[in-house]
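Data block for protein.txt (compact mmCIF, C-alpha atoms):
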# COMPACT_ATOMS: atom_id res chain seq x y z
CA MET A 6 177.59 29.29 184.77
CA GLN A 7 174.57 28.53 186.97
CA ASN A 8 173.60 32.22 186.94
CA LYS A 9 173.73 32.33 183.17
CA LEU A 10 171.56 29.25 182.95
CA THR A 11 169.01 30.81 185.32
CA ILE A 12 168.94 34.01 183.30
CA PHE A 13 168.56 32.03 180.08
CA LEU A 14 165.74 29.96 181.54
CA LEU A 15 164.03 33.00 182.96
CA SER A 16 164.25 34.83 179.63
CA ALA A 17 163.00 31.84 177.67
CA LEU A 18 160.06 31.33 179.99
CA PHE A 19 159.23 34.99 180.16
CA ILE A 20 159.22 35.30 176.38
CA SER A 21 157.16 32.15 175.87
CA SER A 22 154.56 33.29 178.42
CA SER A 23 154.42 36.83 177.14
CA PHE A 24 154.11 36.10 173.48
CA CYS A 25 152.21 32.86 173.41
CA GLN A 26 149.19 33.03 171.13
CA ILE A 27 146.40 30.73 171.93
CA GLU A 28 144.00 32.21 169.39
CA LYS A 29 143.44 30.20 166.28
CA LEU A 30 144.72 32.94 164.06
CA LYS A 31 148.19 34.31 164.27
CA TRP A 32 148.72 38.00 163.89
CA GLN A 33 149.41 38.81 160.30
CA LYS A 34 151.11 41.73 158.71
CA ALA A 35 148.68 44.32 157.41
CA ASP A 36 148.57 44.77 153.69
CA VAL A 37 148.81 48.53 153.66
CA SER A 38 150.08 50.66 150.86
CA TYR A 39 151.66 53.96 151.80
CA GLU A 40 152.05 55.09 148.23
CA LYS A 41 150.74 58.57 147.69
CA GLN A 42 148.77 58.95 144.54
CA ILE A 43 149.78 61.86 142.40
CA HIS A 44 147.15 63.37 140.18
CA ASP A 45 149.11 64.37 137.17
CA LYS A 46 147.23 67.31 135.75
CA LYS A 47 148.60 67.44 132.26
CA ARG A 48 146.92 69.97 130.08
CA ASN A 49 144.82 68.71 127.27
CA TYR A 50 145.82 70.65 124.18
CA SER A 51 143.43 68.87 121.86
CA PHE A 52 140.78 70.84 120.02
CA GLU A 53 138.06 68.29 120.64
CA SER A 54 134.80 70.17 121.08
CA ASP A 55 131.09 69.54 120.87
CA ASN A 56 130.19 72.83 119.22
CA ALA A 57 131.66 75.94 117.63
CA GLY A 58 131.55 77.95 120.85
CA GLU A 59 133.44 75.31 122.76
CA PHE A 60 135.95 75.10 119.90
CA LEU A 61 136.53 78.85 120.12
CA ALA A 62 137.01 78.70 123.89
CA LYS A 63 139.36 75.72 123.53
CA SER A 64 141.41 77.54 120.88
CA LEU A 65 141.75 80.61 123.09
CA ALA A 66 142.68 78.52 126.12
CA ASN A 67 145.21 76.45 124.14
CA ALA A 68 146.84 79.60 122.79
CA TYR A 69 146.96 81.14 126.27
CA TRP A 70 148.46 77.97 127.76
CA PHE A 71 151.01 77.52 124.98
CA PHE A 72 152.22 81.12 124.64
CA ILE A 73 151.76 82.53 128.14
CA SER A 74 150.86 80.16 130.98
CA ASP A 75 153.36 77.37 130.25
CA VAL A 76 156.14 79.94 129.95
CA ASP A 77 155.13 82.20 132.80
CA GLY A 78 154.08 79.47 135.21
CA GLU A 79 150.79 78.79 136.92
CA ASN A 80 149.71 81.95 138.73
CA CYS A 81 145.94 81.70 138.97
CA PRO A 82 144.83 81.63 142.62
CA PHE A 83 141.61 79.83 141.72
CA ARG A 84 140.65 76.23 141.07
CA PRO A 85 139.67 75.67 138.34
CA SER A 86 142.06 78.23 136.89
CA CYS A 87 140.52 81.09 134.87
CA SER A 88 141.28 79.43 131.51
CA SER A 89 139.82 76.11 132.69
CA PHE A 90 136.85 78.05 134.10
CA LEU A 91 136.17 79.43 130.61
CA LEU A 92 136.39 75.96 129.08
CA GLN A 93 134.12 74.37 131.67
CA SER A 94 131.67 77.27 131.38
CA ALA A 95 131.53 76.86 127.61
CA LYS A 96 130.88 73.15 128.10
CA GLU A 97 128.11 73.75 130.63
CA THR A 98 126.42 76.72 128.96
CA ASN A 99 127.19 78.49 125.67
CA ILE A 100 130.02 80.70 124.45
CA PHE A 101 128.14 83.94 125.13
CA GLN A 102 127.23 83.04 128.72
CA ALA A 103 130.70 81.53 129.23
CA SER A 104 132.27 84.86 128.17
CA LEU A 105 130.20 86.75 130.74
CA MET A 106 131.09 84.18 133.41
CA PHE A 107 134.76 84.51 132.46
CA PHE A 108 134.80 88.32 132.67
CA ASP A 109 133.04 88.18 136.02
CA ARG A 110 135.63 85.65 137.22
CA PHE A 111 138.41 87.86 135.90
CA THR A 112 137.03 90.82 137.85
CA ARG A 113 136.85 88.69 141.00
CA ASP A 114 140.42 87.61 140.35
CA MET A 115 141.51 91.26 140.33
CA ASN A 116 139.91 91.85 143.73
CA LEU A 117 142.83 92.33 146.11
CA ALA A 118 140.76 91.21 149.10
CA LYS A 119 139.44 88.02 147.49
CA GLY A 120 141.15 85.81 150.05
CA HIS A 121 139.23 87.30 152.95
CA ASP A 122 136.57 84.86 154.12
CA HIS A 123 135.06 84.31 150.72
CA TYR A 124 135.95 81.07 148.96
CA PRO A 125 136.50 77.57 150.31
CA ILE A 126 140.10 76.48 149.98
CA VAL A 127 141.33 73.57 147.90
CA SER A 128 143.86 71.37 149.71
CA SER A 129 146.50 72.70 147.30
CA GLY A 130 145.89 76.19 148.72
CA HIS A 131 143.86 77.65 145.85
CA PHE A 132 140.41 79.22 146.11
CA TYR A 133 137.65 76.85 145.05
CA ASP A 134 135.33 78.56 142.60
CA PRO A 135 133.56 76.10 140.27
CA PRO A 136 131.60 77.37 137.23
CA HIS A 137 128.41 75.44 138.11
CA ASN A 138 127.73 78.04 140.82
CA TYR A 139 127.50 80.77 138.19
CA THR A 140 125.21 79.26 135.55
CA LEU A 141 122.23 81.20 136.99
CA ASN A 142 120.57 77.88 137.75
CA GLN A 143 119.76 78.08 141.47
CA GLY A 144 119.45 74.32 141.71
CA ARG A 145 123.01 73.79 140.55
CA ILE A 146 124.59 76.02 143.19
CA ASN A 147 126.53 74.02 145.72
CA TYR A 148 127.40 76.53 148.41
CA LEU A 149 130.41 75.68 150.53
CA PRO A 150 131.48 77.89 153.45
CA PRO A 151 134.96 79.49 153.40
CA SER A 152 136.03 77.22 156.25
CA PHE A 153 135.49 74.18 154.01
CA ILE A 154 138.52 72.46 152.53
CA VAL A 155 137.98 70.84 149.14
CA ASP A 156 140.02 67.81 148.14
CA ASP A 157 142.29 68.58 145.21
CA GLU A 158 141.14 65.97 142.71
CA MET B 1 167.74 24.69 195.12
CA ARG B 2 167.12 28.23 194.09
CA THR B 3 167.16 27.26 190.42
CA ILE B 4 164.69 24.47 190.97
CA LEU B 5 162.38 26.76 192.89
CA THR B 6 162.58 29.36 190.16
CA ILE B 7 161.79 26.81 187.49
CA ILE B 8 158.90 25.35 189.49
CA PHE B 9 157.56 28.82 190.06
CA LEU B 10 157.84 29.79 186.39
CA ILE B 11 156.49 26.57 184.81
CA PRO B 12 152.83 27.40 185.57
CA LEU B 13 153.22 30.73 183.82
CA PRO B 14 153.38 29.45 180.23
CA VAL B 15 151.17 26.49 181.01
CA PHE B 16 148.30 28.32 182.66
CA SER B 17 148.81 31.87 181.40
CA GLN B 18 146.02 31.59 178.85
CA SER B 19 144.43 28.30 179.10
CA LEU B 20 141.98 27.05 176.51
CA ALA B 21 139.88 25.73 179.38
CA PHE B 22 138.40 29.21 179.75
CA ASP B 23 135.68 29.65 177.15
CA PHE B 24 136.02 33.12 175.77
CA HIS B 25 133.35 32.41 173.21
CA SER B 26 130.49 31.50 175.47
CA PRO B 27 127.38 33.67 174.84
CA GLU B 28 127.76 35.24 178.31
CA ASN B 29 131.34 36.27 177.63
CA ILE B 30 130.56 37.50 174.12
CA LYS B 31 127.79 39.63 175.59
CA LYS B 32 130.10 40.98 178.28
CA PHE B 33 132.68 41.83 175.65
CA ALA B 34 130.06 43.41 173.39
CA ASP B 35 128.74 45.49 176.29
CA TYR B 36 132.27 46.60 177.07
CA LEU B 37 132.87 47.62 173.43
CA PHE B 38 129.53 49.44 173.36
CA CYS B 39 130.44 51.42 176.47
CA GLU B 40 133.80 52.27 174.93
CA GLY B 41 131.95 53.70 171.93
CA ASP B 42 133.29 51.01 169.60
CA TYR B 43 129.83 50.45 168.14
CA LEU B 44 130.92 48.66 164.99
CA ARG B 45 132.70 45.87 166.86
CA ALA B 46 130.03 45.83 169.56
CA ILE B 47 127.35 45.20 166.92
CA GLU B 48 129.53 42.47 165.42
CA GLN B 49 129.73 40.78 168.81
CA TYR B 50 125.99 41.19 169.42
CA ASP B 51 125.43 39.50 166.06
CA PHE B 52 127.45 36.49 167.25
CA LEU B 53 124.91 36.03 170.02
CA ASN B 54 122.23 35.09 167.50
CA GLN B 55 119.36 33.85 169.60
CA ASN B 56 121.43 33.21 172.73
CA LEU B 57 120.96 35.94 175.30
CA ASP B 58 119.55 38.13 172.57
CA ASN B 59 116.93 40.44 174.09
CA ASP B 60 115.16 43.78 173.73
CA THR B 61 118.10 45.65 175.21
CA THR B 62 120.68 44.22 172.80
CA GLU B 63 118.33 44.85 169.91
CA PHE B 64 117.90 48.48 170.91
CA LYS B 65 121.62 48.82 171.51
CA VAL B 66 122.31 47.54 167.99
CA MET B 67 119.83 50.09 166.63
CA LEU B 68 121.42 52.83 168.71
CA GLY B 69 124.88 51.70 167.63
CA TYR B 70 124.03 51.91 163.94
CA SER B 71 122.54 55.35 164.49
CA GLU B 72 125.69 56.52 166.30
CA LEU B 73 127.75 55.20 163.40
CA GLY B 74 125.72 57.28 160.98
CA LEU B 75 124.12 54.21 159.39
CA PHE B 76 120.63 55.57 159.87
CA GLN B 77 118.98 53.43 157.21
CA LYS B 78 120.42 50.30 158.76
CA SER B 79 119.29 51.48 162.19
CA ASN B 80 115.74 51.93 160.94
CA GLU B 81 115.81 48.46 159.40
CA ILE B 82 116.48 47.09 162.90
CA PHE B 83 113.54 49.15 164.16
CA LYS B 84 111.19 47.27 161.83
CA GLY B 85 111.96 44.12 163.80
CA VAL B 86 111.46 45.64 167.25
CA ASN B 87 108.50 44.09 169.05
CA HIS B 88 105.69 46.56 169.78
CA LYS B 89 105.43 45.16 173.31
CA SER B 90 109.11 45.72 174.04
CA ILE B 91 109.84 48.28 176.77
CA PHE B 92 112.26 49.88 174.35
CA TYR B 93 109.71 50.28 171.59
CA PRO B 94 108.84 53.95 172.39
CA ASP B 95 112.55 54.83 172.55
CA ALA B 96 113.22 52.90 169.35
CA TYR B 97 110.32 54.74 167.72
CA LEU B 98 111.76 58.14 168.67
CA LEU B 99 115.18 57.03 167.50
CA SER B 100 113.70 55.95 164.17
CA LEU B 101 112.24 59.46 163.75
CA LYS B 102 115.64 60.97 164.45
CA ASN B 103 117.17 58.61 161.88
CA LYS B 104 114.51 59.57 159.37
CA LEU B 105 115.36 63.23 159.84
CA LEU B 106 119.04 62.50 159.38
CA ILE B 107 118.53 60.37 156.27
CA GLU B 108 116.66 63.19 154.61
CA PRO B 109 115.72 66.48 156.30
CA GLN B 110 111.96 66.52 155.92
CA MET B 111 108.77 67.17 157.84
CA ILE B 112 107.92 64.21 160.06
CA LYS B 113 104.36 63.17 159.39
CA ASP B 114 104.33 60.14 161.70
CA THR B 115 101.72 60.09 164.42
CA SER B 116 102.27 59.62 168.12
CA ILE B 117 102.01 56.16 169.66
CA SER B 118 100.11 55.31 172.81
CA SER B 119 103.07 53.74 174.60
CA LEU B 120 104.96 57.04 174.86
CA ASP B 121 105.25 58.37 178.40
CA SER B 122 104.91 62.11 179.10
CA PHE B 123 108.63 62.81 178.63
CA GLN B 124 108.78 60.82 175.42
CA LEU B 125 105.63 62.52 174.19
CA LYS B 126 107.26 65.90 174.76
CA SER B 127 110.31 64.75 172.79
CA PHE B 128 108.03 63.55 170.01
CA CYS B 129 106.17 66.89 169.89
CA ARG B 130 109.37 68.92 169.80
CA LEU B 131 110.91 66.72 167.12
CA THR B 132 107.86 66.79 164.85
CA THR B 133 107.39 70.54 165.36
CA ILE B 134 111.00 71.43 164.57
CA SER B 135 110.87 69.15 161.50
CA MET B 136 108.14 71.44 160.10
CA LEU B 137 110.92 73.90 159.33
CA TYR B 138 111.98 71.56 156.53
CA ASP B 139 108.57 71.88 154.90
CA ASP B 140 108.45 74.12 151.83
CA GLU B 141 104.89 75.14 152.60
CA PHE B 142 105.66 76.14 156.17
CA ASN B 143 102.73 78.04 157.57
CA ILE B 144 102.16 77.85 161.30
CA PRO B 145 101.51 80.64 163.83
CA GLU B 146 104.49 81.59 165.98
CA GLU B 147 102.77 80.89 169.32
CA LYS B 148 101.75 77.43 168.24
CA PHE B 149 105.19 76.69 166.84
CA ILE B 150 107.18 77.52 169.97
CA SER B 151 104.67 76.09 172.47
CA PRO B 152 106.23 72.57 172.81
CA PHE B 153 109.69 73.94 173.58
CA ASP B 154 111.26 74.77 176.92
CA GLU B 155 111.96 78.33 177.95
CA ASP B 156 115.73 78.03 177.29
CA GLU B 157 115.13 76.67 173.79
CA ARG B 158 112.58 79.23 172.68
CA ASN B 159 114.99 81.97 171.63
CA SER B 160 116.88 79.67 169.28
CA VAL B 161 113.68 78.13 167.95
CA LEU B 162 112.23 81.59 167.39
CA ALA B 163 115.35 82.61 165.43
CA PHE B 164 114.86 79.59 163.16
CA TYR B 165 111.19 80.44 162.83
CA ASP B 166 111.97 84.02 161.74
CA TYR B 167 114.64 82.72 159.37
CA LYS B 168 112.07 80.43 157.76
CA VAL B 169 109.21 82.93 157.62
CA GLU B 170 111.30 85.85 156.39
CA PRO B 171 114.57 84.62 154.93
CA LYS B 172 116.98 87.48 154.38
CA TYR B 173 117.29 86.78 150.66
CA LYS B 174 118.63 89.31 148.18
CA SER B 175 116.92 89.88 144.86
CA PRO B 176 119.04 88.70 141.89
CA ALA B 177 117.07 91.00 139.56
CA LEU B 178 117.72 94.04 141.76
CA ALA B 179 121.43 93.13 141.96
CA GLY B 180 121.57 93.02 138.15
CA VAL B 181 119.73 96.34 137.76
CA LEU B 182 121.96 98.03 140.34
CA SER B 183 125.09 96.87 138.51
CA ALA B 184 123.64 98.08 135.23
CA ILE B 185 123.20 101.56 136.71
CA ILE B 186 126.46 101.76 138.67
CA PRO B 187 128.95 98.96 137.89
CA GLY B 188 129.75 96.95 141.00
CA SER B 189 126.82 98.25 143.06
CA GLY B 190 124.94 94.96 142.62
CA LYS B 191 127.88 93.12 144.13
CA MET B 192 127.97 95.62 147.00
CA TYR B 193 124.24 95.04 147.52
CA VAL B 194 124.97 91.34 148.16
CA SER B 195 127.82 92.33 150.54
CA GLU B 196 130.60 91.51 148.06
CA TRP B 197 132.28 94.85 148.72
CA GLY B 198 135.71 93.94 147.37
CA ASP B 199 134.33 92.54 144.12
CA GLY B 200 131.99 95.53 143.76
CA ILE B 201 134.73 98.13 144.17
CA THR B 202 137.01 96.18 141.79
CA ALA B 203 134.24 96.02 139.18
CA LEU B 204 133.61 99.76 139.51
CA VAL B 205 137.30 100.59 139.16
CA VAL B 206 137.92 98.22 136.22
CA THR B 207 134.84 99.26 134.23
CA SER B 208 135.48 102.95 134.88
CA LEU B 209 139.10 102.56 133.86
CA PHE B 210 138.24 100.96 130.53
CA ALA B 211 135.51 103.54 129.92
CA PHE B 212 137.99 106.34 130.57
CA LEU B 213 140.65 104.73 128.34
CA ALA B 214 138.12 104.32 125.53
CA TYR B 215 136.92 107.91 125.91
CA ASP B 216 140.44 109.28 126.07
CA ASN B 217 141.59 107.34 123.00
CA PHE B 218 138.55 108.39 120.99
CA ASN B 219 139.34 112.00 121.91
CA ALA B 220 142.94 111.52 120.79
CA ASP B 221 141.80 109.90 117.52
CA HIS B 222 143.38 106.54 118.41
CA ASN B 223 140.35 104.74 117.12
CA THR B 224 141.73 101.17 117.05
CA ARG B 225 142.88 101.31 120.66
CA ALA B 226 139.67 103.10 121.60
CA TRP B 227 137.54 100.32 120.12
CA ILE B 228 139.63 97.64 121.86
CA PHE B 229 139.10 99.38 125.21
CA THR B 230 135.41 99.86 124.42
CA GLY B 231 135.03 96.16 123.70
CA LEU B 232 136.90 95.11 126.84
CA GLY B 233 134.99 97.63 128.94
CA ALA B 234 131.69 96.39 127.53
CA PHE B 235 132.57 92.78 128.38
CA PHE B 236 133.59 93.72 131.93
CA TYR B 237 130.39 95.78 132.29
CA ALA B 238 128.16 92.97 131.03
CA GLY B 239 130.12 90.36 132.97
CA ASN B 240 129.60 92.37 136.13
CA ILE B 241 125.84 92.56 135.63
CA TYR B 242 125.79 88.82 135.05
CA GLY B 243 128.07 88.23 138.04
CA SER B 244 125.88 90.36 140.30
CA VAL B 245 122.86 88.22 139.50
CA ALA B 246 124.92 85.07 140.11
CA SER B 247 126.31 86.52 143.37
CA ALA B 248 122.78 87.24 144.63
CA GLN B 249 121.84 83.62 143.91
CA ILE B 250 124.94 82.39 145.73
CA PHE B 251 124.09 84.74 148.61
CA ASN B 252 120.64 83.14 148.84
CA ALA B 253 122.18 79.68 148.70
CA ARG B 254 124.39 80.74 151.62
CA ILE B 255 121.32 81.83 153.59
CA ASP B 256 119.75 78.40 153.02
CA PHE B 257 122.99 76.65 153.89
CA GLU B 258 123.38 78.60 157.15
CA PHE B 259 119.79 77.91 158.09
CA ASN B 260 120.11 74.17 157.48
CA ASP B 261 123.53 73.97 159.07
CA GLY B 262 122.41 75.97 162.12
CA LEU B 263 119.32 73.84 162.55
CA LYS B 264 121.34 70.66 162.24
CA PHE B 265 123.80 71.92 164.84
CA PHE B 266 120.97 72.94 167.18
CA LEU B 267 119.34 69.51 166.88
CA LYS B 268 122.64 67.70 167.31
CA GLN B 269 123.41 69.69 170.44
CA ARG B 270 120.09 68.57 171.89
CA ASN B 271 120.40 65.03 170.56
CA TYR B 272 117.24 65.61 168.53
CA PHE B 273 115.33 65.98 171.82
CA LEU B 274 115.96 62.34 172.60
CA PRO B 275 117.17 61.26 176.05
CA GLU B 276 120.79 60.20 176.50
CA TYR B 277 120.75 56.45 176.94
CA ASP B 278 123.26 55.20 179.45
CA PHE B 279 123.72 51.47 179.39
CA CYS B 280 127.12 51.63 181.02
CA LYS B 281 126.35 52.46 184.65
Target format C-alpha cells, applied to this file:
Amino acid sequence: MQNKLTIFLLSALFISSSFCQIEKLKWQKADVSYEKQIHDKKRNYSFESDNAGEFLAKSLANAYWFFISDVDGENCPFRPSCSSFLLQSAKETNIFQASLMFFDRFTRDMNLAKGHDHYPIVSSGHFYDPPHNYTLNQGRINYLPPSFIVDDE
Amino acid sequence: MRTILTIIFLIPLPVFSQSLAFDFHSPENIKKFADYLFCEGDYLRAIEQYDFLNQNLDNDTTEFKVMLGYSELGLFQKSNEIFKGVNHKSIFYPDAYLLSLKNKLLIEPQMIKDTSISSLDSFQLKSFCRLTTISMLYDDEFNIPEEKFISPFDEDERNSVLAFYDYKVEPKYKSPALAGVLSAIIPGSGKMYVSEWGDGITALVVTSLFAFLAYDNFNADHNTRAWIFTGLGAFFYAGNIYGSVASAQIFNARIDFEFNDGLKFFLKQRNYFLPEYDFCK
C-alpha cells in the first residue's frame, strides 16, 4: 500500500513538474485545415465569344469535346490541351494566327521525342506549353526551363 | 522515512522548476534569445525579438543584424528601409551600404549607379568595385572594353566573368526571320536551325506526307480527297513556318534566361562579393 502511494505521489509530482506552464498563454490547438482543394475543371460548352473568329474556334472545340474527347477520354499530353490552346490563341490573337499556332502545336504534339528535355512539367504530369509564348511578341514569352514544375491551377 | 525523504526531495521540483522570479523578459535576456535565434538562422523570430528591445540595448550591431536578417529572408525592400536609418558614423555603415547595394540588385537586376563612400576600407572598396562592375551586365547599353571589365576581379573569378562578358557582347541568338525562311524552303529546317530536331523532323515528315497524299489523289482523280489533303498540308506547312519563327524567339528567350540565371547563381555563390558576417563566434 505504501509502495503504491509512493508511486502515485512520484507520478503526480513528476507530471506536475514536467507539464507545468508558467507562461501567460496556454498552448492552443492550431487551426489548420488539411482539406485538399480540388480544381474541378469542367468544360465550358457555352458559345460565348467576343468576335466571329473566337466563335468559330469555340464551335470547333465544343464539337471536338462533345463528339470525340468526352467519349475517348483526355489524351492530350499538353497543358493547356490542344483544343484549349486553340481557344486561348483565338482569344489572344485572331483566328488566322490561332490556326497557325494550333497547327504548329499539333505538329509538336506528333513529335515522338517531345518529352525529352523540352517542356516544363505541370504537377499533373503534362507538358506545360502556354499559347502566350507563341504570339510572336517577344515581350510576352515567359521561358521556363524543363526542370521547372508548374502548379496545376 | 523513505517516503518523507522522497516527498521532501520532490517538493522543490514543481515549486522551483520554473519560477516567475527569473525575468525572462528583461532586455538582456531578450537580446540573448534574439542572438541565439539569429545564430540558428531563425531570422524572422530574431528580428521580432530585436524589435522588443526598442531603445533598450538597441545598438549599431542589432540594427545591422536586423537589416541582414531581412535580407536573408528575401525581404530586400524592408532591409533597405532599415538602411535608411543607419547612422553614417556607425562602424557598420560601410557594410550596411554594401548590403543595400546587394538588396538593390536583388529587388531589380539593374546597373548600380551609386558612388563609392569614403568610409569603405580597401576590402570593402574591392567588393564595391566588383559589385558595380558585374551589375553593368544588366545594362542594355553595355559597352565596356574587356580588359577594363575584368580588372576588378580575382584570378579565379575571371574565367566565369569573361564567359558572362562574351555572353553579353555576343549573345548566341538565332534569327527568327532566318528560321522562318528556312522552314519555307524545307519544312522543319527552321526548327532544326533552332535545335528543335524532333519537331523539325516531324514537321518535314508530316508536310511531306500530306503533299504526297494530295499529289497521289490528284493523279488518281480523287479530287475531293486531294483538296482536303492539300488544305491540311498547306496549314501544316504554314503552321511550321510560323512555329519556326516562334521557336527562334523562344530560343532567344532561353539564352536570356540562362544568362540571367547563371549570373544570379554566380553572384549568389559569391554572396554578391560581400563578406560573410559571423556574429555567432
- Once you count all atoms listed in the file, which residues end up no further than 8 Å from (127.5, 93.2, 143.9) in the file's frame, shown as a ChimeraX atom specification? /B:179,183,188-197,199-200,243-244,247-248
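Minimum distance to chain B across A:Phe60, A:Tyr50, A:Phe83, A:Phe19 (counting all atoms listed in the file) occurs at A:Phe19.
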- Task: Compute the chain A side of the contact with chain B at 9 Å, counting only C-alpha atoms, and hand it back as JSON, numbers by chain.
- Result: {"A": [7, 8, 10, 11, 14, 15, 18, 19, 21, 22, 23, 25, 26, 27, 102, 104, 105, 106, 107, 108, 109, 110, 111, 112, 113, 114, 115, 116, 117, 118, 119, 123, 138, 139, 140, 141, 142, 143, 146, 147, 148, 149, 150]}
Counting only C-alpha atoms, what is within 12 Å of stretch 101-110 of chain B, bar same-chain residues fewer than 3 positions away, as a compact mmCIF listing (two decimals) with C-alpha atoms, in the frame of the given file?
# COMPACT_ATOMS: atom_id res chain seq x y z
CA MET B 67 119.83 50.09 166.63
CA LEU B 68 121.42 52.83 168.71
CA GLY B 69 124.88 51.70 167.63
CA TYR B 70 124.03 51.91 163.94
CA SER B 71 122.54 55.35 164.49
CA GLU B 72 125.69 56.52 166.30
CA LEU B 73 127.75 55.20 163.40
CA GLY B 74 125.72 57.28 160.98
CA LEU B 75 124.12 54.21 159.39
CA PHE B 76 120.63 55.57 159.87
CA GLN B 77 118.98 53.43 157.21
CA LYS B 78 120.42 50.30 158.76
CA SER B 79 119.29 51.48 162.19
CA ASN B 80 115.74 51.93 160.94
CA GLU B 81 115.81 48.46 159.40
CA ILE B 82 116.48 47.09 162.90
CA PHE B 83 113.54 49.15 164.16
CA PRO B 94 108.84 53.95 172.39
CA ASP B 95 112.55 54.83 172.55
CA ALA B 96 113.22 52.90 169.35
CA TYR B 97 110.32 54.74 167.72
CA LEU B 98 111.76 58.14 168.67
CA LYS B 113 104.36 63.17 159.39
CA ASP B 114 104.33 60.14 161.70
CA THR B 115 101.72 60.09 164.42
CA SER B 116 102.27 59.62 168.12
CA SER B 127 110.31 64.75 172.79
CA PHE B 128 108.03 63.55 170.01
CA CYS B 129 106.17 66.89 169.89
CA ARG B 130 109.37 68.92 169.80
CA LEU B 131 110.91 66.72 167.12
CA THR B 132 107.86 66.79 164.85
CA THR B 133 107.39 70.54 165.36
CA ILE B 134 111.00 71.43 164.57
CA SER B 135 110.87 69.15 161.50
CA MET B 136 108.14 71.44 160.10
CA LEU B 137 110.92 73.90 159.33
CA TYR B 138 111.98 71.56 156.53
CA ASP B 139 108.57 71.88 154.90
CA ASP B 140 108.45 74.12 151.83
CA GLU B 141 104.89 75.14 152.60
CA PHE B 142 105.66 76.14 156.17
CA ASN B 260 120.11 74.17 157.48
CA ASP B 261 123.53 73.97 159.07
CA LEU B 263 119.32 73.84 162.55
CA LYS B 264 121.34 70.66 162.24
CA PHE B 265 123.80 71.92 164.84
CA LEU B 267 119.34 69.51 166.88
CA LYS B 268 122.64 67.70 167.31
CA ARG B 270 120.09 68.57 171.89
CA ASN B 271 120.40 65.03 170.56
CA TYR B 272 117.24 65.61 168.53
CA PHE B 273 115.33 65.98 171.82
CA LEU B 274 115.96 62.34 172.60
CA PRO B 275 117.17 61.26 176.05
- Message: Distance cut-off 10 Å, centre (115.1, 80.4, 164.3) in file coordinates, counting all atoms listed in the file: which residues qualify? Return them as a list in words.
- Response: Ile134, Leu137, Arg158, Asn159, Ser160, Val161, Leu162, Ala163, Phe164, Tyr165, Asp166, Tyr167, Lys168, Val169, Phe259, Gly262, Leu263 and Phe266 of chain B
- Task: Rounded to one decimal place, report the atom CA of B:Glu157-atom CA of B:Leu120 distance in Å.
- Result: 22.1 Å
- Separation of atom CA of B:Asn219 from atom CA of B:Ala234, in Å and rounded to one decimal: 18.3 Å
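With atom CA of B:Ser100 on one side and atom CA of B:Asn29 on the other, the separation reads 29.7 Å.
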How big is the axis-aligned box around all listed atoms of stretch 141-157 of chain A once 5 Å goes on each side, and where's its centre, in Å to one decimal, as AutoDock Vina command-line options?
--center_x 130.9 --center_y 74.5 --center_z 146.6 --size_x 32.8 --size_y 23.4 --size_z 29.3
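Within 12 Å of B:Gly41, once all atoms listed in the file are used and residues closer than 2 positions along the same chain are dropped, the contacting residues are Ala34, Asp35, Tyr36, Leu37, Phe38, Cys39, Tyr43, Leu44, Arg45, Ala46, Ile47, Lys65, Leu68, Gly69, Tyr70, Glu72, Leu73, Asp278, Phe279 and Cys280 of chain B.
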- Item | Long-range neighbours of B:Lys31 as a PyMOL selection string, 9 Å cut-off, all atoms listed in the file, 5 positions minimum in chain | chain B and resi 26+36+46+49-50+52-53+57-58+62
Expected file contents, prior selection, C-alpha atoms, as a PDB file, in the coordinates of the input:
ATOM      1  CA  SER B  26     130.490  31.500 175.470  1.00  0.00           C
ATOM      2  CA  TYR B  36     132.270  46.600 177.070  1.00  0.00           C
ATOM      3  CA  ALA B  46     130.030  45.830 169.560  1.00  0.00           C
ATOM      4  CA  GLN B  49     129.730  40.780 168.810  1.00  0.00           C
ATOM      5  CA  TYR B  50     125.990  41.190 169.420  1.00  0.00           C
ATOM      6  CA  PHE B  52     127.450  36.490 167.250  1.00  0.00           C
ATOM      7  CA  LEU B  53     124.910  36.030 170.020  1.00  0.00           C
ATOM      8  CA  LEU B  57     120.960  35.940 175.300  1.00  0.00           C
ATOM      9  CA  ASP B  58     119.550  38.130 172.570  1.00  0.00           C
ATOM     10  CA  THR B  62     120.680  44.220 172.800  1.00  0.00           C
TER      11      THR B  62
END
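If you count all atoms listed in the file and ignore residues fewer than 4 places along the chain from stretch 88-93 of chain B, what sits within 8 Å of it is B:Asp60, B:Thr61, B:Phe64, B:Tyr97.
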